[in-house]
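Engineer: File model38.cif follows (mmCIF, C-alpha atoms):
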data_target
loop_
_atom_site.group_PDB
_atom_site.id
_atom_site.type_symbol
_atom_site.label_atom_id
_atom_site.label_comp_id
_atom_site.auth_asym_id
_atom_site.auth_seq_id
_atom_site.Cartn_x
_atom_site.Cartn_y
_atom_site.Cartn_z
ATOM 1 C CA MET L 1 -6.096 -9.758 -13.078
ATOM 2 C CA MET L 2 -7.703 -6.348 -13.616
ATOM 3 C CA ALA L 3 -11.066 -8.031 -14.115
ATOM 4 C CA THR L 4 -10.519 -9.700 -10.754
ATOM 5 C CA LEU L 5 -9.693 -6.444 -8.997
ATOM 6 C CA ARG L 6 -12.525 -4.573 -10.607
ATOM 7 C CA ALA L 7 -15.033 -7.281 -9.707
ATOM 8 C CA LEU L 8 -13.821 -7.353 -6.099
ATOM 9 C CA ALA L 9 -13.770 -3.589 -5.706
ATOM 10 C CA GLU L 10 -17.549 -3.496 -5.245
ATOM 11 C CA PRO L 11 -18.426 -4.051 -1.551
ATOM 12 C CA ASN L 12 -21.292 -6.517 -2.051
ATOM 13 C CA ARG L 13 -19.311 -8.598 -4.499
ATOM 14 C CA PHE L 14 -16.405 -8.636 -2.084
ATOM 15 C CA GLN L 15 -18.760 -9.990 0.583
ATOM 16 C CA ILE L 16 -20.131 -12.623 -1.764
ATOM 17 C CA VAL L 17 -16.590 -13.843 -2.396
ATOM 18 C CA GLU L 18 -15.970 -13.917 1.358
ATOM 19 C CA LEU L 19 -19.116 -16.018 1.846
ATOM 20 C CA LEU L 20 -18.082 -18.418 -0.894
ATOM 21 C CA ARG L 21 -14.714 -18.893 0.759
ATOM 22 C CA ASP L 22 -16.496 -21.180 3.219
ATOM 23 C CA GLY L 23 -17.922 -23.323 0.448
ATOM 24 C CA PRO L 24 -20.430 -23.356 -2.428
ATOM 25 C CA ARG L 25 -23.808 -21.756 -1.792
ATOM 26 C CA PRO L 26 -27.119 -21.240 -3.566
ATOM 27 C CA VAL L 27 -28.124 -17.689 -4.530
ATOM 28 C CA GLY L 28 -30.995 -17.553 -2.073
ATOM 29 C CA ALA L 29 -28.813 -18.383 0.928
ATOM 30 C CA MET L 30 -26.363 -15.631 -0.007
ATOM 31 C CA ALA L 31 -29.152 -13.105 -0.459
ATOM 32 C CA ASP L 32 -30.419 -13.922 3.046
ATOM 33 C CA ARG L 33 -26.975 -13.672 4.580
ATOM 34 C CA LEU L 34 -26.203 -10.352 2.937
ATOM 35 C CA GLY L 35 -29.648 -8.836 3.382
ATOM 36 C CA LEU L 36 -29.955 -8.254 -0.365
ATOM 37 C CA ARG L 37 -32.666 -9.139 -2.824
ATOM 38 C CA GLN L 38 -32.042 -12.217 -4.916
ATOM 39 C CA PRO L 39 -31.955 -10.380 -8.267
ATOM 40 C CA GLN L 40 -29.275 -8.045 -6.899
ATOM 41 C CA VAL L 41 -27.168 -10.981 -5.784
ATOM 42 C CA SER L 42 -27.675 -12.660 -9.161
ATOM 43 C CA LYS L 43 -26.472 -9.512 -10.886
ATOM 44 C CA HIS L 44 -23.323 -9.433 -8.778
ATOM 45 C CA LEU L 45 -22.757 -13.137 -9.369
ATOM 46 C CA HIS L 46 -23.015 -12.519 -13.060
ATOM 47 C CA VAL L 47 -20.177 -9.981 -12.840
ATOM 48 C CA LEU L 48 -18.106 -12.337 -10.683
ATOM 49 C CA SER L 49 -18.733 -15.117 -13.150
ATOM 50 C CA ALA L 50 -17.703 -12.963 -16.104
ATOM 51 C CA ALA L 51 -14.469 -12.185 -14.248
ATOM 52 C CA GLY L 52 -13.905 -15.909 -13.808
ATOM 53 C CA LEU L 53 -14.162 -15.719 -10.041
ATOM 54 C CA VAL L 54 -17.120 -18.081 -9.633
ATOM 55 C CA ASP L 55 -18.547 -21.174 -11.280
ATOM 56 C CA VAL L 56 -22.187 -22.180 -11.249
ATOM 57 C CA ARG L 57 -23.779 -25.569 -11.280
ATOM 58 C CA VAL L 58 -27.488 -26.298 -11.416
ATOM 59 C CA ASP L 59 -28.796 -28.662 -8.777
ATOM 60 C CA ALA L 60 -32.470 -29.420 -9.333
ATOM 61 C CA GLN L 61 -33.960 -25.926 -9.622
ATOM 62 C CA ARG L 62 -31.236 -24.230 -7.569
ATOM 63 C CA ARG L 63 -28.156 -22.530 -8.908
ATOM 64 C CA ILE L 64 -25.154 -23.273 -6.679
ATOM 65 C CA TYR L 65 -22.155 -20.965 -6.903
ATOM 66 C CA ALA L 66 -18.577 -21.825 -6.002
ATOM 67 C CA LEU L 67 -15.302 -19.910 -6.048
ATOM 68 C CA ARG L 68 -12.799 -20.589 -8.768
ATOM 69 C CA PRO L 69 -9.345 -20.498 -7.199
ATOM 70 C CA ALA L 70 -7.327 -19.554 -10.299
ATOM 71 C CA PRO L 71 -7.886 -15.759 -10.386
ATOM 72 C CA LEU L 72 -7.381 -15.495 -6.630
ATOM 73 C CA GLU L 73 -4.128 -17.381 -6.883
ATOM 74 C CA GLU L 74 -3.048 -15.027 -9.618
ATOM 75 C CA LEU L 75 -3.944 -12.114 -7.364
ATOM 76 C CA GLU L 76 -1.924 -13.610 -4.560
ATOM 77 C CA VAL L 77 1.135 -13.898 -6.767
ATOM 78 C CA TRP L 78 0.710 -10.281 -7.791
ATOM 79 C CA LEU L 79 0.277 -9.148 -4.174
ATOM 80 C CA GLU L 80 3.391 -10.995 -3.161
ATOM 81 C CA LYS L 81 5.308 -9.121 -5.850
ATOM 82 C CA PHE L 82 3.723 -5.945 -4.600
ATOM 83 C CA ARG L 83 4.679 -6.630 -1.020
ATOM 84 C CA ARG L 84 8.221 -7.370 -2.099
ATOM 85 C CA LEU L 85 8.318 -3.998 -3.750
ATOM 86 C CA TRP L 86 7.859 -2.112 -0.512
ATOM 87 C CA GLU L 87 10.144 -4.536 1.288
ATOM 88 C CA ASP L 88 12.785 -3.872 -1.361
ATOM 89 C CA ASN L 89 12.429 -0.166 -0.646
ATOM 90 C CA PHE L 90 12.981 -0.789 3.038
ATOM 91 C CA GLN L 91 15.943 -3.043 2.423
ATOM 92 C CA ARG L 92 17.531 -0.255 0.416
ATOM 93 C CA LEU L 93 16.729 2.055 3.314
ATOM 94 C CA ASP L 94 18.424 -0.416 5.683
ATOM 95 C CA ALA L 95 21.549 -0.155 3.543
ATOM 96 C CA VAL L 96 21.428 3.650 3.549
ATOM 97 C CA LEU L 97 21.009 3.626 7.325
ATOM 98 C CA GLU L 98 23.864 1.224 7.815
ATOM 99 C CA GLU L 99 26.082 3.582 5.904
ATOM 100 C CA LEU L 100 24.870 6.566 7.923
ATOM 101 C CA THR L 101 25.290 4.672 11.187
ATOM 102 C CA ALA L 102 28.857 3.796 10.265
ATOM 103 C CA GLY L 103 29.618 7.481 9.916
ATOM 104 C CA GLU L 104 27.955 8.506 13.139
ATOM 105 C CA PRO L 105 30.081 8.713 16.305
ATOM 106 C CA GLY L 106 28.729 7.003 19.411
ATOM 107 C CA THR L 107 26.749 4.383 17.558
ATOM 108 C CA LYS L 108 27.918 0.896 16.868
ATOM 109 C CA ARG L 109 30.323 0.650 14.042
ATOM 110 C CA LYS L 110 30.200 -2.388 11.896
ATOM 111 C CA LYS L 111 32.280 -1.134 9.089
ATOM 112 C CA ARG L 112 34.816 1.542 9.207
ATOM 113 C CA GLY L 113 36.372 3.328 6.316
ATOM 114 C CA ARG L 114 33.163 4.304 4.638
ATOM 115 C CA THR L 115 32.503 7.944 5.189
ATOM 116 C CA LYS L 116 29.273 9.746 5.249
ATOM 117 C CA ARG L 117 28.615 11.896 2.259
ATOM 118 C CA MET W 118 13.498 -7.599 21.129
ATOM 119 C CA THR W 119 11.677 -5.991 18.280
ATOM 120 C CA ASP W 120 10.695 -7.525 14.989
ATOM 121 C CA PHE W 121 13.472 -5.953 13.042
ATOM 122 C CA GLY W 122 12.760 -5.866 9.356
ATOM 123 C CA LYS W 123 9.208 -7.108 9.564
ATOM 124 C CA LEU W 124 6.545 -5.110 7.800
ATOM 125 C CA ILE W 125 3.250 -4.915 9.704
ATOM 126 C CA VAL W 126 0.088 -3.431 8.243
ATOM 127 C CA THR W 127 -2.913 -2.480 10.370
ATOM 128 C CA THR W 128 -6.114 -0.453 10.158
ATOM 129 C CA PRO W 129 -6.123 1.695 13.339
ATOM 130 C CA SER W 130 -9.437 3.367 12.508
ATOM 131 C CA ASP W 131 -12.018 3.120 9.776
ATOM 132 C CA ARG W 132 -10.350 5.857 7.714
ATOM 133 C CA GLU W 133 -6.734 4.784 8.173
ATOM 134 C CA ILE W 134 -4.168 2.292 7.021
ATOM 135 C CA ALA W 135 -0.913 2.091 8.976
ATOM 136 C CA MET W 136 2.362 0.357 8.286
ATOM 137 C CA THR W 137 5.042 -0.288 10.879
ATOM 138 C CA ARG W 138 8.658 -1.303 10.400
ATOM 139 C CA VAL W 139 11.691 -1.352 12.692
ATOM 140 C CA PHE W 140 15.034 -0.033 11.478
ATOM 141 C CA ASN W 141 18.391 -0.761 12.989
ATOM 142 C CA ALA W 142 19.452 2.862 13.424
ATOM 143 C CA PRO W 143 18.779 5.793 15.751
ATOM 144 C CA ARG W 144 15.795 7.871 14.803
ATOM 145 C CA ASN W 145 17.647 11.008 13.807
ATOM 146 C CA LEU W 146 19.212 8.985 10.989
ATOM 147 C CA VAL W 147 15.941 7.357 9.992
ATOM 148 C CA PHE W 148 14.373 10.792 9.994
ATOM 149 C CA ASP W 149 17.177 12.066 7.751
ATOM 150 C CA ALA W 150 16.734 9.150 5.375
ATOM 151 C CA TRP W 151 13.067 10.101 4.972
ATOM 152 C CA THR W 152 13.578 13.815 4.585
ATOM 153 C CA ARG W 153 16.892 14.480 2.816
ATOM 154 C CA PRO W 154 16.344 14.287 -0.948
ATOM 155 C CA ASP W 155 19.824 12.868 -1.628
ATOM 156 C CA LEU W 156 18.959 9.975 0.708
ATOM 157 C CA VAL W 157 15.284 9.534 -0.159
ATOM 158 C CA ARG W 158 15.948 9.063 -3.857
ATOM 159 C CA ARG W 159 18.351 6.216 -3.084
ATOM 160 C CA TRP W 160 15.671 3.949 -1.639
ATOM 161 C CA LEU W 161 12.092 5.151 -2.294
ATOM 162 C CA LEU W 162 12.015 3.667 -5.767
ATOM 163 C CA GLY W 163 9.384 1.012 -6.334
ATOM 164 C CA PRO W 164 9.874 -1.704 -8.946
ATOM 165 C CA PRO W 165 13.318 -2.720 -10.199
ATOM 166 C CA GLY W 166 14.677 -0.280 -12.736
ATOM 167 C CA TRP W 167 12.693 2.725 -11.561
ATOM 168 C CA THR W 168 14.453 5.916 -10.597
ATOM 169 C CA MET W 169 13.378 9.057 -8.825
ATOM 170 C CA PRO W 170 14.437 12.010 -10.962
ATOM 171 C CA VAL W 171 12.423 14.521 -8.935
ATOM 172 C CA CYS W 172 12.638 14.622 -5.154
ATOM 173 C CA GLU W 173 12.032 18.093 -3.774
ATOM 174 C CA ILE W 174 11.486 18.578 -0.063
ATOM 175 C CA ASP W 175 10.893 21.924 1.603
ATOM 176 C CA LEU W 176 10.794 20.668 5.168
ATOM 177 C CA ARG W 177 8.897 23.338 7.032
ATOM 178 C CA VAL W 178 5.290 23.767 8.016
ATOM 179 C CA GLY W 179 3.482 25.027 4.925
ATOM 180 C CA GLY W 180 6.374 23.878 2.727
ATOM 181 C CA THR W 181 5.744 21.531 -0.190
ATOM 182 C CA TYR W 182 7.274 18.328 -1.459
ATOM 183 C CA ARG W 183 7.203 16.778 -4.881
ATOM 184 C CA PHE W 184 8.196 13.229 -5.862
ATOM 185 C CA GLU W 185 8.384 11.872 -9.404
ATOM 186 C CA TRP W 186 9.374 8.427 -10.533
ATOM 187 C CA LEU W 187 10.525 7.273 -13.940
ATOM 188 C CA GLY W 188 10.234 3.719 -15.242
ATOM 189 C CA GLN W 189 12.531 2.052 -17.736
ATOM 190 C CA ASP W 190 9.833 2.285 -20.389
ATOM 191 C CA GLY W 191 9.545 6.026 -19.871
ATOM 192 C CA THR W 192 6.414 5.920 -17.697
ATOM 193 C CA ARG W 193 6.339 8.756 -15.191
ATOM 194 C CA MET W 194 4.292 9.100 -12.064
ATOM 195 C CA GLY W 195 4.230 11.683 -9.390
ATOM 196 C CA MET W 196 2.779 12.851 -6.137
ATOM 197 C CA GLY W 197 3.164 15.741 -3.767
ATOM 198 C CA GLY W 198 1.705 17.694 -0.918
ATOM 199 C CA ILE W 199 2.204 20.164 1.896
ATOM 200 C CA TYR W 200 3.820 19.721 5.310
ATOM 201 C CA ARG W 201 1.336 20.364 8.113
ATOM 202 C CA GLU W 202 3.420 19.417 11.159
ATOM 203 C CA ILE W 203 7.114 18.820 11.636
ATOM 204 C CA VAL W 204 8.726 17.744 14.894
ATOM 205 C CA ILE W 205 12.357 16.822 14.211
ATOM 206 C CA PRO W 206 13.125 13.891 14.545
ATOM 207 C CA GLU W 207 9.803 12.561 15.801
ATOM 208 C CA ARG W 208 6.895 13.300 13.604
ATOM 209 C CA ILE W 209 5.847 14.565 10.188
ATOM 210 C CA VAL W 210 2.309 15.171 8.984
ATOM 211 C CA ASN W 211 1.732 15.998 5.350
ATOM 212 C CA THR W 212 -0.979 15.998 2.743
ATOM 213 C CA GLN W 213 -0.616 13.584 -0.168
ATOM 214 C CA LEU W 214 -2.095 13.668 -3.610
ATOM 215 C CA PHE W 215 -1.115 11.500 -6.555
ATOM 216 C CA ASP W 216 -1.131 13.050 -10.016
ATOM 217 C CA VAL W 217 -3.558 10.345 -11.021
ATOM 218 C CA ASP W 218 -5.916 10.389 -8.074
ATOM 219 C CA TRP W 219 -6.707 6.801 -7.134
ATOM 220 C CA THR W 220 -7.046 7.460 -3.388
ATOM 221 C CA GLY W 221 -10.431 9.200 -3.464
ATOM 222 C CA GLY W 222 -9.015 12.676 -2.959
ATOM 223 C CA GLU W 223 -6.204 14.036 -0.844
ATOM 224 C CA THR W 224 -4.944 11.874 2.010
ATOM 225 C CA LEU W 225 -3.120 12.894 5.176
ATOM 226 C CA GLY W 226 0.067 11.018 5.971
ATOM 227 C CA THR W 227 1.696 10.781 9.393
ATOM 228 C CA LEU W 228 5.207 9.485 9.933
ATOM 229 C CA LEU W 229 6.099 8.680 13.533
ATOM 230 C CA PHE W 230 9.642 7.833 14.563
ATOM 231 C CA THR W 231 10.145 6.263 17.993
ATOM 232 C CA GLU W 232 13.513 5.068 19.239
ATOM 233 C CA GLN W 233 14.294 2.290 21.654
ATOM 234 C CA GLY W 234 17.656 0.689 22.297
ATOM 235 C CA GLY W 235 19.207 2.283 19.254
ATOM 236 C CA LYS W 236 16.489 0.940 16.950
ATOM 237 C CA THR W 237 13.749 3.028 15.419
ATOM 238 C CA THR W 238 10.158 2.023 14.932
ATOM 239 C CA LEU W 239 8.615 3.837 12.032
ATOM 240 C CA THR W 240 4.854 4.079 11.714
ATOM 241 C CA ASN W 241 3.543 5.389 8.430
ATOM 242 C CA SER W 242 -0.191 5.952 8.497
ATOM 243 C CA VAL W 243 -2.486 7.326 5.849
ATOM 244 C CA LEU W 244 -5.806 8.950 6.695
ATOM 245 C CA TYR W 245 -8.287 8.843 3.831
ATOM 246 C CA SER W 246 -11.011 11.377 3.134
ATOM 247 C CA SER W 247 -13.709 8.872 4.067
ATOM 248 C CA ARG W 248 -14.170 5.300 5.114
ATOM 249 C CA GLU W 249 -15.337 4.528 1.599
ATOM 250 C CA ALA W 250 -12.116 5.906 0.128
ATOM 251 C CA ARG W 251 -10.034 3.920 2.610
ATOM 252 C CA ASP W 252 -11.972 0.729 1.970
ATOM 253 C CA ALA W 253 -11.705 1.179 -1.763
ATOM 254 C CA ALA W 254 -7.953 1.566 -1.408
ATOM 255 C CA LEU W 255 -7.820 -1.455 0.877
ATOM 256 C CA ARG W 256 -9.896 -3.582 -1.437
ATOM 257 C CA THR W 257 -7.934 -2.740 -4.482
ATOM 258 C CA ARG W 258 -4.728 -3.381 -2.619
ATOM 259 C CA MET W 259 -6.182 -6.411 -0.878
ATOM 260 C CA ALA W 260 -4.898 -5.714 2.570
ATOM 261 C CA GLU W 261 -1.727 -6.782 4.197
ATOM 262 C CA GLY W 262 1.637 -6.047 2.811
ATOM 263 C CA VAL W 263 0.282 -3.862 0.164
ATOM 264 C CA GLU W 264 -0.085 -0.585 1.944
ATOM 265 C CA ALA W 265 2.524 1.444 0.281
ATOM 266 C CA GLY W 266 4.217 0.292 -2.852
ATOM 267 C CA TYR W 267 2.910 3.556 -4.113
ATOM 268 C CA ALA W 268 4.563 3.745 -7.435
ATOM 269 C CA ARG W 269 3.588 0.410 -8.859
ATOM 270 C CA LEU W 270 0.014 0.581 -7.664
ATOM 271 C CA ASP W 271 -0.358 4.102 -8.905
ATOM 272 C CA GLU W 272 0.690 2.934 -12.334
ATOM 273 C CA ILE W 273 -1.602 -0.059 -12.367
ATOM 274 C CA LEU W 274 -4.638 1.715 -11.024
ATOM 275 C CA ALA W 275 -4.048 4.707 -13.215
ATOM 276 C CA SER W 276 -3.971 2.655 -16.361
ATOM 277 C CA ASN W 277 -6.801 0.319 -15.501
ATOM 278 C CA PHE W 278 -9.235 1.839 -13.066
ATOM 279 C CA SER W 279 -9.648 5.261 -14.493
ATOM 280 C CA GLU W 280 -11.502 4.101 -17.587
ATOM 281 C CA GLY W 281 -14.085 1.617 -16.337
ATOM 282 C CA ASN W 282 -15.218 3.195 -13.087
#
Step by step, read the file and then write its structure as structure tokens.
Structural biologist:
Amino acid sequence: MMATLRALAEPNRFQIVELLRDGPRPVGAMADRLGLRQPQVSKHLHVLSAAGLVDVRVDAQRRIYALRPAPLEELEVWLEKFRRLWEDNFQRLDAVLEELTAGEPGTKRKKRGRTKR
Amino acid sequence: MTDFGKLIVTTPSDREIAMTRVFNAPRNLVFDAWTRPDLVRRWLLGPPGWTMPVCEIDLRVGGTYRFEWLGQDGTRMGMGGIYREIVIPERIVNTQLFDVDWTGGETLGTLLFTEQGGKTTLTNSVLYSSREARDAALRTRMAEGVEAGYARLDEILASNFSEGN
């Protein structure tokens, strides 16, 4: 999870992952697309590979890279938890506001009997 | 009809991240809930089990605020800043700096409260020191939905990003 985030936090590696989202690609094609030199791209792919984000297969003399879905799925699960966290905050805020609204004259009153502190 | 309860995250400029949410209450109450410590500490909590033992708000231009959270395992995290602009109950601008700085330096936060038909739209935007700082924050948070679960992210980034980078 942290390896995933750390690998993705570098802008070129992030772009490589975005490219690979559309399907497997050889190193050379990615270098062209990103305007980088091939050794640079290979270096980034090595980091992505170490983080488990990409797989490589050798096709004749070309190395073809593909995304591995597992770490991204893990990230998605984590992000969903993270999103929930802020939504939980806001749901608590909704409850606080409902209580305040109930105590405020001139606004709609759903519940009576609860007084504002 | 507004999208009550729906959290929307956008990037209004290349140094900003903004989050919008509609609340079913007039804006003076929403404003209170964001600025009265007794109310703030009831909801701005982060993960389950966390509490907010420190919530100090000196709501005037040049005044400071200080927030600290405490996890069940004893982990503490904090942030604070200075109020730059206050228009009750419309707008607050303040500086923000986490104790463990994962945002690439101080950020500037703007809270905007607009009311329509008894509902309040809150926009919470954060202006980063540079596009690079914003993008780094975006990348590590991986975009939508993630903008502001401050506490949890602070903890995670603090424990994991500070060493390797």
Engineer: May I ask for the distance between atom CA of W:Glu232 and atom CA of W:Gly163, given in Å to one decimal place?
Structural biologist: 26.2 Å
Engineer: Residues near L:Ala3, anyone? I mean within 9 Å using only C-alpha atoms, not counting same-chain ones fewer than 2 positions away, as a PDB file with C-alpha atoms, keeping the file's coordinate frame.
Structural biologist:
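Once everything was written out, this is out02.pdb:
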ATOM      1  CA  MET L   1      -6.096  -9.758 -13.078  1.00  0.00           C
ATOM      2  CA  LEU L   5      -9.693  -6.444  -8.997  1.00  0.00           C
ATOM      3  CA  ARG L   6     -12.525  -4.573 -10.607  1.00  0.00           C
ATOM      4  CA  ALA L   7     -15.033  -7.281  -9.707  1.00  0.00           C
ATOM      5  CA  LEU L   8     -13.821  -7.353  -6.099  1.00  0.00           C
ATOM      6  CA  LEU L  48     -18.106 -12.337 -10.683  1.00  0.00           C
ATOM      7  CA  ALA L  50     -17.703 -12.963 -16.104  1.00  0.00           C
ATOM      8  CA  ALA L  51     -14.469 -12.185 -14.248  1.00  0.00           C
ATOM      9  CA  GLY L  52     -13.905 -15.909 -13.808  1.00  0.00           C
TER      10      GLY L  52
END
Engineer: If the PyMOL selection byres ((chain L) within 6 of (chain W)) were run on this exact file, what residues would it hold? Put them as a list in words.
Structural biologist: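 Residues picked by the PyMOL selection byres ((chain L) within 6 of (chain W)): Ala9, Arg83, Leu85, Trp86, Asn89, Arg92 and Leu93 of chain L.
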Engineer: Hey, can you spit out that residue selection with C-alpha atoms as a compact mmCIF listing (two decimals), in the coordinates of the input?
Structural biologist:
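File selection_23.txt, as written:
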# COMPACT_ATOMS: atom_id res chain seq x y z
CA ALA L 9 -13.77 -3.59 -5.71
CA ARG L 83 4.68 -6.63 -1.02
CA LEU L 85 8.32 -4.00 -3.75
CA TRP L 86 7.86 -2.11 -0.51
CA ASN L 89 12.43 -0.17 -0.65
CA ARG L 92 17.53 -0.26 0.42
CA LEU L 93 16.73 2.06 3.31
Engineer: Written as a PyMOL selection string, what is the full residue list that the PyMOL selection byres ((chain W and resi 200) around 12) yields on the file shown?
Structural biologist: chain W and resi 152+174-183+197-199+201-204+208-213+225-228
Engineer: Between L:Asp32, L:Glu87, L:Asp94, L:Glu99, which one has atoms that come closest to L:Ile16, using all atoms listed in the file?
Structural biologist: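 Comparing L:Asp32, L:Glu87, L:Asp94, L:Glu99 against L:Ile16, the winner is L:Asp32.
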Engineer: Hey, can you check how far atom CA of W:Arg132 sits from atom CA of W:Arg251?
Structural biologist: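 Computing the Euclidean distance for atom CA of W:Arg132 and atom CA of W:Arg251 yields 5.5 Å.
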Engineer: Please indicate the distance in Å from atom CA of L:Ala29 to atom CA of W:Asp131, rounded to one decimal place.
Structural biologist: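 Going from atom CA of L:Ala29 over to atom CA of W:Asp131 covers 28.7 Å.
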Engineer: Show which residues sit within 12 Å of L:Val17, as a PyMOL selection string. Count only C-alpha atoms, and ignore same-chain residues fewer than 2 positions away.
Structural biologist: chain L and resi 4+7-15+19-25+30+34+41+44-45+47-49+52-55+65-69+71-72
Engineer: Can you list what the PyMOL selection byres ((chain W and resi 245) around 8) grabs from this structure, as JSON, numbers by chain?
Structural biologist: {"W": [132, 133, 220, 221, 222, 223, 224, 225, 243, 244, 246, 247, 248, 250, 251]}
Engineer: Name the residues in contact with L:Ser42 at a cut-off of 9 Å, using all atoms listed in the file, excluding same-chain residues fewer than 5 positions from it; report them as a short mmCIF file (atom, residue, chain, number, x, y, z; two decimals) with C-alpha atoms, keeping the file's coordinate frame.
Structural biologist:
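What follows is the written file selection_17.cif:
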data_model
loop_
_atom_site.label_atom_id
_atom_site.label_comp_id
_atom_site.auth_asym_id
_atom_site.auth_seq_id
_atom_site.Cartn_x
_atom_site.Cartn_y
_atom_site.Cartn_z
CA VAL L 27 -28.12 -17.69 -4.53
CA ALA L 31 -29.15 -13.10 -0.46
CA ARG L 37 -32.67 -9.14 -2.82
CA VAL L 47 -20.18 -9.98 -12.84
#
